[in-house]
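Below is one structure; the comments refer to it alone.
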Amino acid sequence: MAVIGTNILKAVDILNQGDLVGVPTETVYGLAGNALNVSAVARIFEVKQRPSFDPLIVHLPNLNHLESVVSEIPQTAMNLALELWPGPLTLVLPRNEVIPDLVTSGLDTVAVRVPNHPLVLELLGRLDFPLACPSANPFGYVSPTLAEHVNQQLGEDILYILDGGACSIGIESTIVGFDGEQPIIYRPGGIDIDRIKEIAGNVIVKTKSSRPITPGMLDSHYSPGKTLLLGDISNFIQTIDVRNVGILSFRDTFPGVPDSRQIQLTSDGDLSQAAKNLFASLRKLDAMDIRYIFAEPVPNHGLGIAINDRLARASTKSITLP
Ligand code: TXA
Ligand code: MG
């Protein structure tokens, strides 16, 4: 298993040697390596069992470093970065030649962000390269929001995990690309779309695609191992044998299923709290001795849009009932 701690210099050493470290961000934990070192980047794909067509996000210490990795910055992108970095916003911009092909899966754009967590910002400040840093989960599984989650799944493959506590946002960054000055949302996330609109004007939302541009757009992603049914929980309870069931609700409890198998995302309807609890709750339910997870959409505004996106991707589209 990896060592979990708060020794930034140890993380710096490991990264300088071309190895990988688990790092906290405000969104989810990441699996970080030197973005300019092809063998470190290759190791990220290997450890995550991630297909090479799924490009990585490059993490920078601050906005001043943006020009060193991209070749062009639309004014709208600059306005978003000025307002929202450090923070859960990823910009997809034309890349320059320092970024290895492997990072971008051969695309001529690179995804970049400045994360907002004191430990990873201090770490980035002590390195002379940016970090390639996807979420620290095996490809297709629920993202980690605690150091312990990273250790459970990738602990055999990495030496060290920086422990920054529970992620304050709990859901991945919002990904925004550009067609000229026109912003296009590829993945709803920790910055809500209304905030992007306030800064950037009207946006195009392009999060579903049969030929995904970004695998965050794959229909089935963020999946727990259990069968997750998304819809009206009361309805599910009436049609499926509830002995095998756990519940993930927005705020209500349901009769007929023991409290120990019910998790509420929030006590008072707060969507930030729901986002923060989402992935850890899916993991808890996944570890229970149950067969199905009944879940319901949350109110579809603000952060709720990103939460519902993750729930839909975690859900099973059709099942055969026993
Ligand atoms: O909040 C986050 O963004 C977290 C933390 C660790 O920073 N990172 C994260 O990385 O979610 P990952 O690898 O799990 O998701 C990155 C997403 C993928 O869906 C990928 O396809 C997309 O970013 N992406 C990367 N480069 C892209 C590009 N050039 N064009 C479009 N999408 C891109
Ligand atoms: Mg991910």
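Each chain of the structure tokens is named A, B, ... in the order shown, its residues numbered from 1; ligands are numbered from 1 in display order.
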Check which residues fall inside 6 Å of ligand 1 when counting only C-alpha atoms and all ligand atoms, and print them as a PDB file with C-alpha atoms, in the first residue's frame.
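File produced: out_37.pdb:
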```pdb
ATOM      1  CA  THR A  27     -12.727  18.562  -6.744  1.00  0.00           C
ATOM      2  CA  VAL A  28     -11.464  14.973  -6.430  1.00  0.00           C
ATOM      3  CA  TYR A  29      -8.089  13.335  -5.737  1.00  0.00           C
ATOM      4  CA  GLY A  30      -5.760  13.110  -8.713  1.00  0.00           C
ATOM      5  CA  ASP A  54      -8.693   9.625 -23.201  1.00  0.00           C
ATOM      6  CA  PRO A  55      -6.536  12.761 -22.770  1.00  0.00           C
ATOM      7  CA  LEU A  56      -5.331  14.133 -19.424  1.00  0.00           C
ATOM      8  CA  ILE A  57      -5.752  17.509 -17.730  1.00  0.00           C
ATOM      9  CA  PRO A  88     -12.856  23.768 -10.592  1.00  0.00           C
ATOM     10  CA  VAL A  92      -9.456  23.257 -23.454  1.00  0.00           C
ATOM     11  CA  THR A 104      -3.591  15.046 -25.338  1.00  0.00           C
ATOM     12  CA  LEU A 107      -5.481  16.155 -30.150  1.00  0.00           C
ATOM     13  CA  THR A 109      -5.824  21.006 -27.877  1.00  0.00           C
ATOM     14  CA  VAL A 110      -4.782  20.575 -24.264  1.00  0.00           C
ATOM     15  CA  ALA A 111      -6.995  20.677 -21.161  1.00  0.00           C
ATOM     16  CA  CYS A 133      -3.387  14.648 -13.232  1.00  0.00           C
ATOM     17  CA  PRO A 134      -6.510  12.622 -13.978  1.00  0.00           C
ATOM     18  CA  SER A 135      -8.847  11.550 -11.191  1.00  0.00           C
ATOM     19  CA  GLU A 172     -14.816  17.078 -11.041  1.00  0.00           C
ATOM     20  CA  SER A 173     -14.080  20.391 -12.749  1.00  0.00           C
ATOM     21  CA  THR A 214     -14.015  13.438 -24.217  1.00  0.00           C
ATOM     22  CA  PRO A 215     -14.536  10.149 -22.390  1.00  0.00           C
ATOM     23  CA  GLY A 216     -16.102  12.075 -19.526  1.00  0.00           C
TER      24      GLY A 216
END
```
task: Name all residues at most 8 Å from A:Ser281 (count only C-alpha atoms; drop same-chain ones fewer than 3 positions away) and give them as a list in words.
output: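 Surrounding residues, per the criterion: Leu248, Ile263, Leu265, Asn277, Leu278, Lys284 and Leu285 of chain A.
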With C-alpha atoms kept, could you save the residues just selected as a CSV table (one decimal), in the first residue's frame?
```csv
chain,number,residue,atom,x,y,z
A,248,LEU,CA,-29.1,7.0,-2.4
A,263,ILE,CA,-27.9,7.4,2.5
A,265,LEU,CA,-26.9,13.3,0.0
A,277,ASN,CA,-21.1,13.6,-0.5
A,278,LEU,CA,-21.9,12.0,-3.8
A,284,LYS,CA,-20.3,3.1,0.8
A,285,LEU,CA,-23.3,1.6,-1.0
```
message: For the strand (DSSP E) assignment from backbone DSSP, which residues of stretch 88-308 of chain A qualify? Please present them as a PyMOL selection string.
response: chain A and resi 89-94+109-113+131-132+160-162+174-179+182-187+204-205+227-230+245-249+262-264+292-295
message: If we count only C-alpha atoms and set the cut-off at 9 Å, which residues sit around A:Gln182, ignoring sequence neighbours fewer than 6 positions away in its own chain? Please answer as an MDAnalysis selection string.
response: chainID A and resid 76 200:204
Counting only C-alpha atoms and all ligand atoms, the residue of A:Gln49, A:Asn300, A:Asn34, A:Gln238 that sits nearest ligand 2: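 Selected residue with least distance to ligand 2: A:Gln49.
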- request: Determine the nearest neighbour of ligand 2 from the options A:Thr25, A:Asn137, A:Asn7, A:Ser52, counting only C-alpha atoms and all ligand atoms.
  value: A:Asn137
- prompt: Using only C-alpha atoms, which residues sit within 7 Å of A:Val38 once same-chain residues fewer than 3 positions away are excluded, as a PyMOL selection string?
  reply: chain A and resi 41-42+100
message: Just list as a list in words whatever in stretch 146-271 of chain A DSSP marks as alpha helix (DSSP H).
response: Ala147, Glu148, His149, Val150, Asn151, Gln152, Gln153, Leu154, Ile193, Asp194, Arg195, Ile196, Lys197, Glu198, Ile199, Ala200, Ile233, Ser234, Asn235, Phe236, Ile237, Gln238, Thr239 and Leu271 of chain A
File of the preceding selection, N, CA and C atoms, as a PDB file, in the first residue's frame:
```pdb
ATOM      1  N   ALA A 147      -8.081  10.539   0.661  1.00  0.00           N
ATOM      2  CA  ALA A 147      -6.802   9.854   0.393  1.00  0.00           C
ATOM      3  C   ALA A 147      -6.986   8.333   0.490  1.00  0.00           C
ATOM      4  N   GLU A 148      -7.791   7.917   1.439  1.00  0.00           N
ATOM      5  CA  GLU A 148      -8.031   6.495   1.658  1.00  0.00           C
ATOM      6  C   GLU A 148      -8.666   5.818   0.425  1.00  0.00           C
ATOM      7  N   HIS A 149      -9.537   6.538  -0.265  1.00  0.00           N
ATOM      8  CA  HIS A 149     -10.121   5.976  -1.497  1.00  0.00           C
ATOM      9  C   HIS A 149      -9.033   5.675  -2.529  1.00  0.00           C
ATOM     10  N   VAL A 150      -8.063   6.585  -2.617  1.00  0.00           N
ATOM     11  CA  VAL A 150      -6.977   6.399  -3.595  1.00  0.00           C
ATOM     12  C   VAL A 150      -6.179   5.155  -3.212  1.00  0.00           C
ATOM     13  N   ASN A 151      -5.897   5.047  -1.912  1.00  0.00           N
ATOM     14  CA  ASN A 151      -5.101   3.908  -1.445  1.00  0.00           C
ATOM     15  C   ASN A 151      -5.813   2.585  -1.704  1.00  0.00           C
ATOM     16  N   GLN A 152      -7.127   2.564  -1.481  1.00  0.00           N
ATOM     17  CA  GLN A 152      -7.881   1.325  -1.691  1.00  0.00           C
ATOM     18  C   GLN A 152      -7.751   0.829  -3.122  1.00  0.00           C
ATOM     19  N   GLN A 153      -7.688   1.744  -4.085  1.00  0.00           N
ATOM     20  CA  GLN A 153      -7.734   1.288  -5.468  1.00  0.00           C
ATOM     21  C   GLN A 153      -6.408   1.330  -6.200  1.00  0.00           C
ATOM     22  N   LEU A 154      -5.551   2.307  -5.852  1.00  0.00           N
ATOM     23  CA  LEU A 154      -4.286   2.424  -6.590  1.00  0.00           C
ATOM     24  C   LEU A 154      -3.079   2.254  -5.680  1.00  0.00           C
ATOM     25  N   ILE A 193     -22.964  26.191 -14.486  1.00  0.00           N
ATOM     26  CA  ILE A 193     -22.997  26.744 -15.844  1.00  0.00           C
ATOM     27  C   ILE A 193     -23.461  28.203 -15.841  1.00  0.00           C
ATOM     28  N   ASP A 194     -24.340  28.557 -14.893  1.00  0.00           N
ATOM     29  CA  ASP A 194     -24.795  29.950 -14.818  1.00  0.00           C
ATOM     30  C   ASP A 194     -23.646  30.907 -14.526  1.00  0.00           C
ATOM     31  N   ARG A 195     -22.708  30.441 -13.713  1.00  0.00           N
ATOM     32  CA  ARG A 195     -21.544  31.284 -13.396  1.00  0.00           C
ATOM     33  C   ARG A 195     -20.689  31.487 -14.652  1.00  0.00           C
ATOM     34  N   ILE A 196     -20.543  30.426 -15.449  1.00  0.00           N
ATOM     35  CA  ILE A 196     -19.785  30.541 -16.704  1.00  0.00           C
ATOM     36  C   ILE A 196     -20.484  31.551 -17.627  1.00  0.00           C
ATOM     37  N   LYS A 197     -21.819  31.462 -17.682  1.00  0.00           N
ATOM     38  CA  LYS A 197     -22.578  32.380 -18.545  1.00  0.00           C
ATOM     39  C   LYS A 197     -22.409  33.823 -18.109  1.00  0.00           C
ATOM     40  N   GLU A 198     -22.390  34.052 -16.799  1.00  0.00           N
ATOM     41  CA  GLU A 198     -22.214  35.423 -16.295  1.00  0.00           C
ATOM     42  C   GLU A 198     -20.923  36.036 -16.826  1.00  0.00           C
ATOM     43  N   ILE A 199     -19.892  35.219 -16.924  1.00  0.00           N
ATOM     44  CA  ILE A 199     -18.584  35.744 -17.331  1.00  0.00           C
ATOM     45  C   ILE A 199     -18.412  35.702 -18.843  1.00  0.00           C
ATOM     46  N   ALA A 200     -18.926  34.633 -19.471  1.00  0.00           N
ATOM     47  CA  ALA A 200     -18.561  34.369 -20.871  1.00  0.00           C
ATOM     48  C   ALA A 200     -19.714  34.556 -21.847  1.00  0.00           C
ATOM     49  N   ILE A 233     -37.659   6.572  -6.581  1.00  0.00           N
ATOM     50  CA  ILE A 233     -37.290   5.518  -5.623  1.00  0.00           C
ATOM     51  C   ILE A 233     -38.532   4.784  -5.102  1.00  0.00           C
ATOM     52  N   SER A 234     -39.613   5.528  -4.813  1.00  0.00           N
ATOM     53  CA  SER A 234     -40.830   4.862  -4.298  1.00  0.00           C
ATOM     54  C   SER A 234     -41.342   3.826  -5.291  1.00  0.00           C
ATOM     55  N   ASN A 235     -41.265   4.178  -6.549  1.00  0.00           N
ATOM     56  CA  ASN A 235     -41.677   3.252  -7.603  1.00  0.00           C
ATOM     57  C   ASN A 235     -40.830   1.989  -7.626  1.00  0.00           C
ATOM     58  N   PHE A 236     -39.527   2.180  -7.555  1.00  0.00           N
ATOM     59  CA  PHE A 236     -38.611   1.025  -7.531  1.00  0.00           C
ATOM     60  C   PHE A 236     -38.942   0.113  -6.350  1.00  0.00           C
ATOM     61  N   ILE A 237     -39.196   0.740  -5.171  1.00  0.00           N
ATOM     62  CA  ILE A 237     -39.446  -0.046  -3.957  1.00  0.00           C
ATOM     63  C   ILE A 237     -40.664  -0.944  -4.140  1.00  0.00           C
ATOM     64  N   GLN A 238     -41.641  -0.450  -4.905  1.00  0.00           N
ATOM     65  CA  GLN A 238     -42.838  -1.265  -5.115  1.00  0.00           C
ATOM     66  C   GLN A 238     -42.612  -2.420  -6.080  1.00  0.00           C
ATOM     67  N   THR A 239     -41.582  -2.320  -6.928  1.00  0.00           N
ATOM     68  CA  THR A 239     -41.452  -3.357  -7.962  1.00  0.00           C
ATOM     69  C   THR A 239     -40.290  -4.326  -7.735  1.00  0.00           C
ATOM     70  N   LEU A 271     -27.220  21.782  -2.405  1.00  0.00           N
ATOM     71  CA  LEU A 271     -26.597  21.049  -3.520  1.00  0.00           C
ATOM     72  C   LEU A 271     -25.078  20.940  -3.366  1.00  0.00           C
TER      73      LEU A 271
END
```
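For A:Gly177, the set of protein, DNA and RNA residues having any atom at most 8 Å away, when counting only C-alpha atoms and skipping those fewer than 5 positions along the same chain, is Leu91, Val92, Leu93, Pro183, Ile184, Ile185 and Tyr186 of chain A.
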Limited to all heavy atoms, could you put the picked residues into a file as an mmCIF file, in the first residue's frame?
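Once written, result_33.cif looks like this:
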```
data_model
loop_
_atom_site.group_PDB
_atom_site.id
_atom_site.type_symbol
_atom_site.label_atom_id
_atom_site.label_comp_id
_atom_site.auth_asym_id
_atom_site.auth_seq_id
_atom_site.Cartn_x
_atom_site.Cartn_y
_atom_site.Cartn_z
ATOM 1 N N LEU A 91 -9.955 24.499 -18.879
ATOM 2 C CA LEU A 91 -10.077 25.123 -20.201
ATOM 3 C C LEU A 91 -9.391 24.236 -21.233
ATOM 4 O O LEU A 91 -8.279 23.756 -20.999
ATOM 5 C CB LEU A 91 -9.402 26.496 -20.185
ATOM 6 C CG LEU A 91 -10.008 27.519 -19.219
ATOM 7 C CD1 LEU A 91 -9.169 28.803 -19.218
ATOM 8 C CD2 LEU A 91 -11.457 27.832 -19.590
ATOM 9 N N VAL A 92 -10.054 24.023 -22.355
ATOM 10 C CA VAL A 92 -9.456 23.257 -23.454
ATOM 11 C C VAL A 92 -9.011 24.264 -24.521
ATOM 12 O O VAL A 92 -9.841 24.964 -25.096
ATOM 13 C CB VAL A 92 -10.475 22.252 -24.036
ATOM 14 C CG1 VAL A 92 -9.904 21.563 -25.265
ATOM 15 C CG2 VAL A 92 -10.865 21.214 -22.980
ATOM 16 N N LEU A 93 -7.693 24.339 -24.741
ATOM 17 C CA LEU A 93 -7.117 25.373 -25.615
ATOM 18 C C LEU A 93 -6.102 24.760 -26.579
ATOM 19 O O LEU A 93 -5.574 23.671 -26.306
ATOM 20 C CB LEU A 93 -6.407 26.425 -24.740
ATOM 21 C CG LEU A 93 -7.307 27.175 -23.749
ATOM 22 C CD1 LEU A 93 -6.477 28.036 -22.805
ATOM 23 C CD2 LEU A 93 -8.333 28.025 -24.499
ATOM 24 N N PRO A 183 -17.771 29.768 -25.972
ATOM 25 C CA PRO A 183 -17.496 28.685 -25.034
ATOM 26 C C PRO A 183 -18.423 27.481 -25.244
ATOM 27 O O PRO A 183 -19.615 27.650 -25.520
ATOM 28 C CB PRO A 183 -17.762 29.293 -23.658
ATOM 29 C CG PRO A 183 -18.171 30.690 -23.875
ATOM 30 C CD PRO A 183 -18.386 30.932 -25.326
ATOM 31 N N ILE A 184 -17.854 26.304 -25.118
ATOM 32 C CA ILE A 184 -18.614 25.050 -25.240
ATOM 33 C C ILE A 184 -18.344 24.218 -23.988
ATOM 34 O O ILE A 184 -17.191 23.943 -23.656
ATOM 35 C CB ILE A 184 -18.149 24.245 -26.467
ATOM 36 C CG1 ILE A 184 -18.289 25.093 -27.733
ATOM 37 C CG2 ILE A 184 -18.927 22.942 -26.598
ATOM 38 C CD1 ILE A 184 -17.578 24.515 -28.942
ATOM 39 N N ILE A 185 -19.419 23.856 -23.284
ATOM 40 C CA ILE A 185 -19.244 23.049 -22.074
ATOM 41 C C ILE A 185 -19.191 21.577 -22.467
ATOM 42 O O ILE A 185 -20.158 21.046 -23.017
ATOM 43 C CB ILE A 185 -20.427 23.246 -21.093
ATOM 44 C CG1 ILE A 185 -20.697 24.730 -20.866
ATOM 45 C CG2 ILE A 185 -20.215 22.442 -19.816
ATOM 46 C CD1 ILE A 185 -20.123 25.348 -19.674
ATOM 47 N N TYR A 186 -18.060 20.908 -22.168
ATOM 48 C CA TYR A 186 -17.934 19.476 -22.466
ATOM 49 C C TYR A 186 -18.298 18.589 -21.275
ATOM 50 O O TYR A 186 -18.638 17.437 -21.449
ATOM 51 C CB TYR A 186 -16.507 19.141 -22.896
ATOM 52 C CG TYR A 186 -16.127 19.664 -24.255
ATOM 53 C CD1 TYR A 186 -14.981 20.424 -24.424
ATOM 54 C CD2 TYR A 186 -16.923 19.396 -25.364
ATOM 55 C CE1 TYR A 186 -14.621 20.898 -25.671
ATOM 56 C CE2 TYR A 186 -16.572 19.869 -26.611
ATOM 57 C CZ TYR A 186 -15.418 20.616 -26.758
ATOM 58 O OH TYR A 186 -15.061 21.089 -27.989
#
```
- prompt: Do you know which residues are at most 9 Å from A:Val120 counting only C-alpha atoms, after dropping those on the same chain fewer than 6 positions away, and could you put them as a PyMOL selection string?
  reply: chain A and resi 8+23-25+61+162+164
task: For each of A:Arg291, A:Arg43, A:Arg243, A:Lys48, take the minimum atom-to-atom distance to ligand 2, counting only C-alpha atoms and all ligand atoms, then give the residue where this is smallest.
output: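 With only C-alpha atoms and all ligand atoms as the atom set, the closest residue is A:Lys48.
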